[in-house]
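Scroll down for the structure; my scribbles are underneath it.
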Amino acid sequence: MKFTNKIILILVLLAGSSFASYFLDDPTAKAVASAPELPTWRFGATFSPAFYLNTFGFGGSLAAEYRLHKNHSIDVFAGSIVTQPLYEAGIDWRFFFTGDLMTSHHDDFILLGASVLAFESYDEYYYPPRASVGYGRDMLFFDKADFLCRLAFRLTYIFGEPIPEKDAELMTRSANFVAYFDFSIYFF
């Protein structure tokens, strides 16, 4: 009987010591430590409905993004609005301010960008610069996925020659402001 009590006491002490650090461990620290490394290069495509001149235009772009730091990334892109023959090439900087893509599966960011447009107006080509600001969110839906989805809202302003209305009959309208809602898929 004494031998059985000693064995039970030893088993209880061993079980108690294995759970002793349960209340001291931080589960979020364990999740961060076991999270995979944040990828530095991403390549993707964007579908972009654009709103200008009281109508919608549809376009897209291809981009390559480099994650400089946990909170900063820079990307180069080339795109167009298909419904209005308008082409664009530029660079965007993103500041990620909340979330962590690899642990919480989302990152919120603000966007600042600069680009150059190319379009034709009255049989003459123009190349005005454009500035962009925006807000968006990167989302990782699966733990082991090699892609992320990005939703973003951008406001852009064209300096210089504005975008003309495509099929103007009597009176032409033009726009310097364009609003975009971007849906992107990036692979890493």
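Identifiers for the structure tokens are assigned positionally: chains receive A, B, ... in sequence, residues are indexed from 1 per chain, and ligands are indexed from 1 in the order shown.
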Name the residues of chain A that fall into strand (DSSP E) according to DSSP on the backbone, using the chain letters and numbers of this document, as a PyMOL selection string. chain A and resi 41-52+55-67+72-81+86-100+106-121+124-126+129-139+147-158+163-164+174-175+177-187
Please identify all polymer residues within 9 Å of Gly79 in chain A, counting only C-alpha atoms, omitting same-chain residues fewer than 4 positions from it, and present them as a ChimeraX atom specification. /A:46,59-63,86-90
Contact residues around range 109-114 of chain A with only C-alpha atoms at 7 Å, ignoring same-chain residues under 2 positions, as a PDB file with N, CA and C atoms, in the first residue's frame:
```pdb
ATOM      1  N   GLY A  90       3.607  52.946 -62.415  1.00  0.00           N
ATOM      2  CA  GLY A  90       3.949  53.725 -61.230  1.00  0.00           C
ATOM      3  C   GLY A  90       4.502  52.901 -60.099  1.00  0.00           C
ATOM      4  N   ILE A  91       4.567  53.546 -58.947  1.00  0.00           N
ATOM      5  CA  ILE A  91       5.135  52.965 -57.736  1.00  0.00           C
ATOM      6  C   ILE A  91       4.218  53.322 -56.563  1.00  0.00           C
ATOM      7  N   ASP A  92       4.014  52.373 -55.662  1.00  0.00           N
ATOM      8  CA  ASP A  92       3.189  52.584 -54.462  1.00  0.00           C
ATOM      9  C   ASP A  92       4.003  52.239 -53.222  1.00  0.00           C
ATOM     10  N   TRP A  93       3.764  52.982 -52.149  1.00  0.00           N
ATOM     11  CA  TRP A  93       4.343  52.685 -50.843  1.00  0.00           C
ATOM     12  C   TRP A  93       3.181  52.387 -49.905  1.00  0.00           C
ATOM     13  N   ARG A  94       3.290  51.311 -49.136  1.00  0.00           N
ATOM     14  CA  ARG A  94       2.252  50.936 -48.177  1.00  0.00           C
ATOM     15  C   ARG A  94       2.833  50.927 -46.774  1.00  0.00           C
ATOM     16  N   PHE A  95       2.049  51.477 -45.849  1.00  0.00           N
ATOM     17  CA  PHE A  95       2.390  51.439 -44.433  1.00  0.00           C
ATOM     18  C   PHE A  95       1.356  50.565 -43.740  1.00  0.00           C
ATOM     19  N   PHE A  96       1.782  49.414 -43.237  1.00  0.00           N
ATOM     20  CA  PHE A  96       0.894  48.475 -42.548  1.00  0.00           C
ATOM     21  C   PHE A  96       0.846  48.858 -41.071  1.00  0.00           C
ATOM     22  N   PHE A  97      -0.334  49.216 -40.586  1.00  0.00           N
ATOM     23  CA  PHE A  97      -0.421  49.762 -39.231  1.00  0.00           C
ATOM     24  C   PHE A  97      -1.152  48.874 -38.241  1.00  0.00           C
ATOM     25  N   ASP A 107      -3.766  42.294 -42.530  1.00  0.00           N
ATOM     26  CA  ASP A 107      -2.927  43.494 -42.376  1.00  0.00           C
ATOM     27  C   ASP A 107      -3.695  44.665 -42.954  1.00  0.00           C
ATOM     28  N   ARG A 130       0.281  61.353 -61.820  1.00  0.00           N
ATOM     29  CA  ARG A 130      -0.886  61.133 -60.972  1.00  0.00           C
ATOM     30  C   ARG A 130      -0.426  60.740 -59.579  1.00  0.00           C
ATOM     31  N   ALA A 131      -1.124  61.244 -58.557  1.00  0.00           N
ATOM     32  CA  ALA A 131      -0.859  60.898 -57.152  1.00  0.00           C
ATOM     33  C   ALA A 131      -2.047  60.113 -56.605  1.00  0.00           C
ATOM     34  N   SER A 132      -1.753  59.139 -55.728  1.00  0.00           N
ATOM     35  CA  SER A 132      -2.797  58.273 -55.165  1.00  0.00           C
ATOM     36  C   SER A 132      -2.669  58.197 -53.654  1.00  0.00           C
ATOM     37  N   VAL A 133      -3.796  58.121 -52.980  1.00  0.00           N
ATOM     38  CA  VAL A 133      -3.870  57.800 -51.553  1.00  0.00           C
ATOM     39  C   VAL A 133      -4.943  56.734 -51.403  1.00  0.00           C
ATOM     40  N   GLY A 134      -4.797  55.889 -50.403  1.00  0.00           N
ATOM     41  CA  GLY A 134      -5.796  54.848 -50.239  1.00  0.00           C
ATOM     42  C   GLY A 134      -5.678  54.112 -48.928  1.00  0.00           C
ATOM     43  N   TYR A 135      -6.642  53.243 -48.716  1.00  0.00           N
ATOM     44  CA  TYR A 135      -6.705  52.378 -47.536  1.00  0.00           C
ATOM     45  C   TYR A 135      -7.047  50.976 -48.029  1.00  0.00           C
ATOM     46  N   GLY A 136      -6.457  49.968 -47.398  1.00  0.00           N
ATOM     47  CA  GLY A 136      -6.765  48.607 -47.805  1.00  0.00           C
ATOM     48  C   GLY A 136      -6.441  47.584 -46.747  1.00  0.00           C
ATOM     49  N   ARG A 137      -6.722  46.327 -47.105  1.00  0.00           N
ATOM     50  CA  ARG A 137      -6.490  45.212 -46.179  1.00  0.00           C
ATOM     51  C   ARG A 137      -6.008  44.007 -46.965  1.00  0.00           C
TER      52      ARG A 137
END
```
Minimum-distance residue to His72 in chain A, chosen among A:Thr40, A:Phe153, A:Asp123, A:Val178 (using only C-alpha atoms): A:Thr40
